[in-house]
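A.B. asks: Have a peek at upload.cif (mmCIF, C-alpha atoms).
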```cif
data_query
#
loop_
_atom_site.label_atom_id
_atom_site.label_comp_id
_atom_site.auth_asym_id
_atom_site.auth_seq_id
_atom_site.Cartn_x
_atom_site.Cartn_y
_atom_site.Cartn_z
CA GLY A 1 120.52 95.04 56.04
CA GLU A 2 122.62 96.55 53.31
CA ASN A 3 125.50 94.56 51.85
CA VAL A 4 128.07 96.23 49.62
CA GLU A 5 130.53 94.24 47.54
CA GLN A 6 133.57 95.88 45.97
CA HIS A 7 135.94 94.65 43.25
CA PRO A 8 138.80 94.33 42.65
CA SER A 9 140.57 94.14 45.99
CA THR A 10 143.83 95.33 44.41
CA LEU A 11 144.45 97.27 41.22
CA SER A 12 147.81 98.11 39.68
CA VAL A 13 147.89 100.62 36.84
CA GLN A 14 150.53 102.45 34.88
CA GLU A 15 150.66 106.19 35.35
CA GLY A 16 148.39 107.83 32.81
CA ASP A 17 146.08 104.84 32.44
CA SER A 18 142.53 104.64 33.79
CA ALA A 19 141.35 102.80 36.88
CA VAL A 20 137.86 101.42 37.42
CA ILE A 21 136.44 100.10 40.67
CA LYS A 22 133.02 98.49 40.85
CA CYS A 23 130.55 98.07 43.69
CA THR A 24 127.21 96.37 44.02
CA TYR A 25 124.65 96.88 46.75
CA SER A 26 121.68 94.87 47.96
CA ASP A 27 119.20 97.30 49.50
CA SER A 28 116.98 98.91 46.89
CA ALA A 29 116.20 101.67 49.41
CA SER A 30 119.80 102.92 49.29
CA ASN A 31 120.02 106.22 47.48
CA TYR A 32 123.34 107.77 48.48
CA PHE A 33 126.66 106.39 47.26
CA PRO A 34 129.90 108.09 48.31
CA TRP A 35 133.46 107.12 47.45
CA TYR A 36 136.32 107.63 49.88
CA LYS A 37 140.08 107.65 49.49
CA GLN A 38 142.11 106.56 52.48
CA GLU A 39 145.83 107.00 52.77
CA LEU A 40 147.85 104.99 55.24
CA GLY A 41 147.20 106.01 58.82
CA LYS A 42 144.60 108.62 57.91
CA GLY A 43 140.84 108.91 57.97
CA PRO A 44 138.78 108.47 54.78
CA GLN A 45 138.43 111.51 52.54
CA LEU A 46 135.35 111.95 50.37
CA ILE A 47 136.33 112.20 46.71
CA ILE A 48 132.96 112.06 45.02
CA ASP A 49 129.40 111.01 45.75
CA ILE A 50 126.25 110.36 43.79
CA ARG A 51 122.59 110.29 44.64
CA SER A 52 120.01 108.02 43.08
CA ASN A 53 118.38 110.74 41.04
CA VAL A 54 121.56 111.04 38.98
CA GLY A 55 123.15 108.45 36.69
CA GLU A 56 126.60 109.95 36.38
CA LYS A 57 128.72 112.61 38.04
CA LYS A 58 132.14 113.89 37.12
CA ASP A 59 134.75 115.98 38.89
CA GLN A 60 137.89 116.56 36.83
CA ARG A 61 139.65 113.15 36.54
CA ILE A 62 137.12 111.34 38.70
CA ALA A 63 133.69 110.11 37.68
CA VAL A 64 131.05 107.89 39.22
CA THR A 65 128.26 106.05 37.45
CA LEU A 66 125.17 104.55 39.01
CA ASN A 67 122.85 101.88 37.66
CA LYS A 68 119.92 101.64 40.05
CA THR A 69 118.23 98.85 38.17
CA ALA A 70 121.28 96.62 38.42
CA LYS A 71 122.22 98.01 41.84
CA HIS A 72 125.77 98.80 40.96
CA PHE A 73 127.97 101.86 40.85
CA SER A 74 131.49 102.43 39.65
CA LEU A 75 134.38 104.82 40.20
CA HIS A 76 136.45 105.87 37.22
CA ILE A 77 139.81 107.60 37.58
CA THR A 78 141.40 108.82 34.36
CA GLU A 79 144.99 109.86 33.73
CA THR A 80 146.12 108.27 36.95
CA GLN A 81 149.02 109.77 38.86
CA PRO A 82 151.25 108.28 41.57
CA GLU A 83 149.44 110.38 44.18
CA ASP A 84 146.26 108.48 43.34
CA SER A 85 147.79 105.45 45.06
CA ALA A 86 145.65 104.70 48.12
CA VAL A 87 142.81 102.50 49.32
CA TYR A 88 139.44 103.42 47.89
CA PHE A 89 136.15 102.54 49.56
CA CYS A 90 132.65 102.67 48.17
CA ALA A 91 129.70 102.98 50.50
CA ALA A 92 125.92 103.01 50.40
CA SER A 93 123.25 104.50 52.59
CA THR A 94 119.57 105.30 52.54
CA ASP A 95 120.46 108.97 52.97
CA SER A 96 123.56 111.14 53.30
CA TRP A 97 122.93 111.60 57.03
CA GLY A 98 122.50 107.93 57.82
CA LYS A 99 124.64 104.92 58.49
CA LEU A 100 127.12 104.04 55.78
CA GLN A 101 127.76 100.45 54.74
CA PHE A 102 131.25 100.21 53.30
CA GLY A 103 132.69 97.94 50.67
CA ALA A 104 135.84 95.96 51.45
CA GLY A 105 138.13 98.45 49.77
CA THR A 106 140.44 98.50 46.75
CA GLN A 107 144.17 99.05 47.05
CA VAL A 108 145.18 101.10 44.02
CA VAL A 109 148.85 101.29 43.09
CA VAL A 110 149.90 103.66 40.32
CA THR A 111 153.37 102.93 39.02
CA PRO A 112 155.38 105.64 37.24
CA GLY B 1 134.41 121.82 53.67
CA ALA B 2 133.39 120.83 57.17
CA VAL B 3 136.10 119.57 59.52
CA VAL B 4 135.96 116.80 62.07
CA SER B 5 138.81 116.38 64.51
CA GLN B 6 139.78 113.54 66.81
CA HIS B 7 141.93 113.47 69.91
CA PRO B 8 144.26 111.83 70.58
CA SER B 9 145.63 110.75 67.23
CA ARG B 10 147.51 107.90 68.83
CA VAL B 11 147.34 106.27 72.25
CA ILE B 12 149.15 103.36 73.86
CA CYS B 13 147.78 101.92 77.08
CA LYS B 14 148.18 98.94 79.34
CA SER B 15 145.69 96.11 79.36
CA GLY B 16 142.85 96.75 81.80
CA THR B 17 142.90 100.53 81.59
CA SER B 18 140.28 102.78 80.00
CA VAL B 19 140.87 105.13 77.11
CA LYS B 20 138.75 108.09 76.01
CA ILE B 21 138.67 109.29 72.42
CA GLU B 22 137.12 112.62 71.47
CA CYS B 23 135.41 113.50 68.21
CA ARG B 24 134.63 117.15 67.47
CA SER B 25 132.85 118.89 64.64
CA LEU B 26 134.82 122.10 64.33
CA ASP B 27 132.66 124.37 62.21
CA PHE B 28 129.25 122.80 62.24
CA GLN B 29 126.84 121.21 64.66
CA ALA B 30 126.22 117.48 64.64
CA THR B 31 123.27 115.97 66.45
CA THR B 32 124.44 112.60 65.19
CA MET B 33 127.93 111.18 64.93
CA PHE B 34 129.09 107.72 63.98
CA TRP B 35 131.91 105.63 65.41
CA TYR B 36 133.75 103.12 63.25
CA ARG B 37 136.52 100.63 63.93
CA GLN B 38 139.03 99.56 61.31
CA PHE B 39 141.45 96.66 61.69
CA PRO B 40 144.59 96.53 59.51
CA LYS B 41 143.88 95.99 55.83
CA GLN B 42 140.13 95.82 56.48
CA SER B 43 137.16 98.04 55.86
CA LEU B 44 135.43 100.38 58.27
CA MET B 45 132.90 98.68 60.51
CA LEU B 46 130.21 100.77 62.15
CA MET B 47 130.21 100.38 65.91
CA ALA B 48 127.53 102.79 67.04
CA THR B 49 125.51 105.89 66.32
CA SER B 50 126.01 108.69 68.81
CA ASN B 51 122.97 110.88 69.42
CA GLU B 52 123.19 114.24 71.13
CA GLY B 53 121.15 114.25 74.30
CA SER B 54 120.15 110.59 74.16
CA LYS B 55 121.58 107.10 74.32
CA ALA B 56 123.80 105.78 71.61
CA THR B 57 122.60 103.05 69.30
CA TYR B 58 124.99 100.12 69.03
CA GLU B 59 125.44 97.74 66.12
CA GLN B 60 124.91 94.06 66.65
CA GLY B 61 127.85 92.44 68.39
CA VAL B 62 129.24 95.65 69.88
CA GLU B 63 129.28 95.64 73.67
CA LYS B 64 127.71 98.86 74.92
CA ASP B 65 129.22 98.45 78.40
CA LYS B 66 132.69 98.17 76.93
CA PHE B 67 132.43 101.00 74.42
CA LEU B 68 130.81 103.88 76.25
CA ILE B 69 129.58 106.74 74.10
CA ASN B 70 128.65 110.18 75.32
CA HIS B 71 127.35 112.92 73.04
CA ALA B 72 127.14 115.77 75.51
CA SER B 73 127.04 118.69 73.08
CA LEU B 74 126.30 119.44 69.44
CA THR B 75 130.00 119.41 68.61
CA LEU B 76 131.47 116.67 70.79
CA SER B 77 131.09 112.93 71.06
CA THR B 78 133.37 110.72 73.14
CA LEU B 79 134.10 107.02 72.92
CA THR B 80 135.54 105.35 76.01
CA VAL B 81 137.05 101.92 75.64
CA THR B 82 136.75 100.42 79.12
CA SER B 83 139.06 97.74 80.47
CA ALA B 84 140.92 97.66 77.19
CA HIS B 85 142.56 94.45 76.01
CA PRO B 86 145.00 93.77 73.19
CA GLU B 87 142.18 92.66 70.88
CA ASP B 88 140.73 96.19 71.17
CA SER B 89 143.81 97.55 69.41
CA SER B 90 142.50 99.15 66.26
CA PHE B 91 142.00 102.37 64.32
CA TYR B 92 138.91 104.20 65.61
CA ILE B 93 137.31 106.75 63.30
CA CYS B 94 134.34 109.02 63.81
CA SER B 95 132.17 110.76 61.26
CA ALA B 96 129.52 113.45 61.32
CA PRO B 97 126.97 114.35 58.67
CA GLY B 98 126.83 117.96 57.58
CA GLY B 99 127.01 120.36 54.69
CA GLY B 100 123.41 121.21 54.15
CA GLY B 101 121.16 120.78 51.16
CA ALA B 102 122.65 119.21 48.06
CA SER B 103 126.07 119.10 49.66
CA ASP B 104 124.96 116.88 52.52
CA THR B 105 127.58 114.28 53.16
CA GLN B 106 129.54 112.70 55.96
CA TYR B 107 132.83 114.07 57.14
CA PHE B 108 135.35 111.77 58.74
CA GLY B 109 137.86 112.48 61.43
CA PRO B 110 141.56 111.63 61.01
CA GLY B 111 141.25 108.56 63.23
CA THR B 112 142.77 107.43 66.52
CA ARG B 113 145.25 104.58 66.62
CA LEU B 114 144.77 102.59 69.84
CA THR B 115 147.41 100.10 70.90
CA VAL B 116 146.75 98.03 74.00
CA LEU B 117 149.80 96.32 75.47
#
```
What is this structure when it is put down as structure tokens?

C.D. replies:
Amino acid sequence: GENVEQHPSTLSVQEGDSAVIKCTYSDSASNYFPWYKQELGKGPQLIIDIRSNVGEKKDQRIAVTLNKTAKHFSLHITETQPEDSAVYFCAASTDSWGKLQFGAGTQVVVTP
Amino acid sequence: GAVVSQHPSRVICKSGTSVKIECRSLDFQATTMFWYRQFPKQSLMLMATSNEGSKATYEQGVEKDKFLINHASLTLSTLTVTSAHPEDSSFYICSAPGGGGASDTQYFGPGTRLTVL
């Protein structure tokens, strides 16, 4: 089955700096890669996703890149703000309607 | 975007009792829903796939007789934790795929915090 690895497990950044989280996956059949933000005590919220027919996608301060050959994808957050502090999860699936395999999560702390 | 709700948001029960958690898709229909469990400071682990009108599919290691799933309608799936024990205390989260076309994605509920005393 699919195995998703996520690094780093914790990430501290100064407000205004960029944050990068990286994930690798094992199943070459995976073609849907969402990123979720989870605040304490709440369910995950989708922040951006990418499909395998696209190499990069951007939404304001958030961007995701995908390298299918190397089987890795990354989340980039620019101009970080304190409200970006949360746990971020990457996931992979063979389609957007199927089972998601989650990475272990990254605790991001943005200090003012 | 599509909304998924869960009820209750928090439940405390005594060991040996059963607890039912509801997952609803509020503005779309979901023939499939997923149930996840999340222990503190850990990732989401898929427990089972709930299928409307048919039996749920359980992940390896998940006891189907302990975690009963019923998907009786296109907008409601329920998870019943039977004979709950303290080790079942966890954060239970459901998700449902929806959106349509290029916006297909999975929408997660707010989660249910179960504490078994």

A.B. asks: Using the chain letters and numbering of this document, enumerate as JSON, numbers by chain the residues selected by the PyMOL selection byres ((chain A) within 6 of (chain B)).

C.D. replies: {"A": [42, 43, 96, 97, 104]}

A.B. asks: Excluding segment 29-40 of chain A and its own-chain neighbours fewer than 3 positions away, which residues fall within 6 Å of it when counting all atoms listed in the file? Please give them as a count of residues only.

C.D. replies: 20

A.B. asks: Kindly extract all protein, DNA and RNA residues lying within 12 Å of the coordinates (149.7, 108.8, 43.9) given in the file, considering all atoms listed in the file, and supply them as JSON, numbers by chain.

C.D. replies: {"A": [12, 13, 14, 15, 16, 37, 38, 39, 77, 79, 80, 81, 82, 83, 84, 85, 86, 87, 107, 108, 109, 110, 111, 112]}

A.B. asks: What is the atom CA of Phe102 of chain A-atom CA of Ala84 of chain B distance in Å, reported with one decimal?

C.D. replies: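 Interatomic distance here is 25.9 Å.
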
A.B. asks: Residues at most 12 Å from Val116 of chain B, counting all atoms listed in the file, excluding those fewer than 4 positions away in the same chain, as a ChimeraX atom specification?

C.D. replies: /B:10-19,81-91

A.B. asks: Kindly give the distance, in Å, that separates atom CA of Ile21 of chain A and atom CA of Ser74 of chain A, rounded to a single decimal.

C.D. replies: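 Atom CA of Ile21 of chain A sits 5.6 Å away from atom CA of Ser74 of chain A.
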
A.B. asks: When you draw a straight line from atom CA of Asn3 of chain A to atom CA of Leu100 of chain A, how long is it in Å?

C.D. replies: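 Between atom CA of Asn3 of chain A and atom CA of Leu100 of chain A the gap is 10.4 Å.
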
A.B. asks: I'd like the contact shell of His7 of chain A - 8 Å cut-off, only C-alpha atoms, skipping same-chain residues fewer than 6 positions apart - returned as a PDB file with C-alpha atoms, in the frame of the given file.

C.D. replies:
```pdb
ATOM      1  CA  ILE A  21     136.440 100.100  40.670  1.00  0.00           C
ATOM      2  CA  LYS A  22     133.020  98.490  40.850  1.00  0.00           C
ATOM      3  CA  CYS A  23     130.550  98.070  43.690  1.00  0.00           C
ATOM      4  CA  GLY A 105     138.130  98.450  49.770  1.00  0.00           C
ATOM      5  CA  THR A 106     140.440  98.500  46.750  1.00  0.00           C
TER       6      THR A 106
END
```

A.B. asks: Expanded to explicit residues, what is the PyMOL selection byres ((chain A and resi 63) around 6) for this file, as a ChimeraX atom specification?

C.D. replies: /A:57-58,62,64,75-76

A.B. asks: When the PyMOL selection byres ((chain B and resi 51) around 10) is applied to the file above, which residues end up in the set, as a ChimeraX atom specification?

C.D. replies: /B:30-34,48-50,52-57,69-74,77
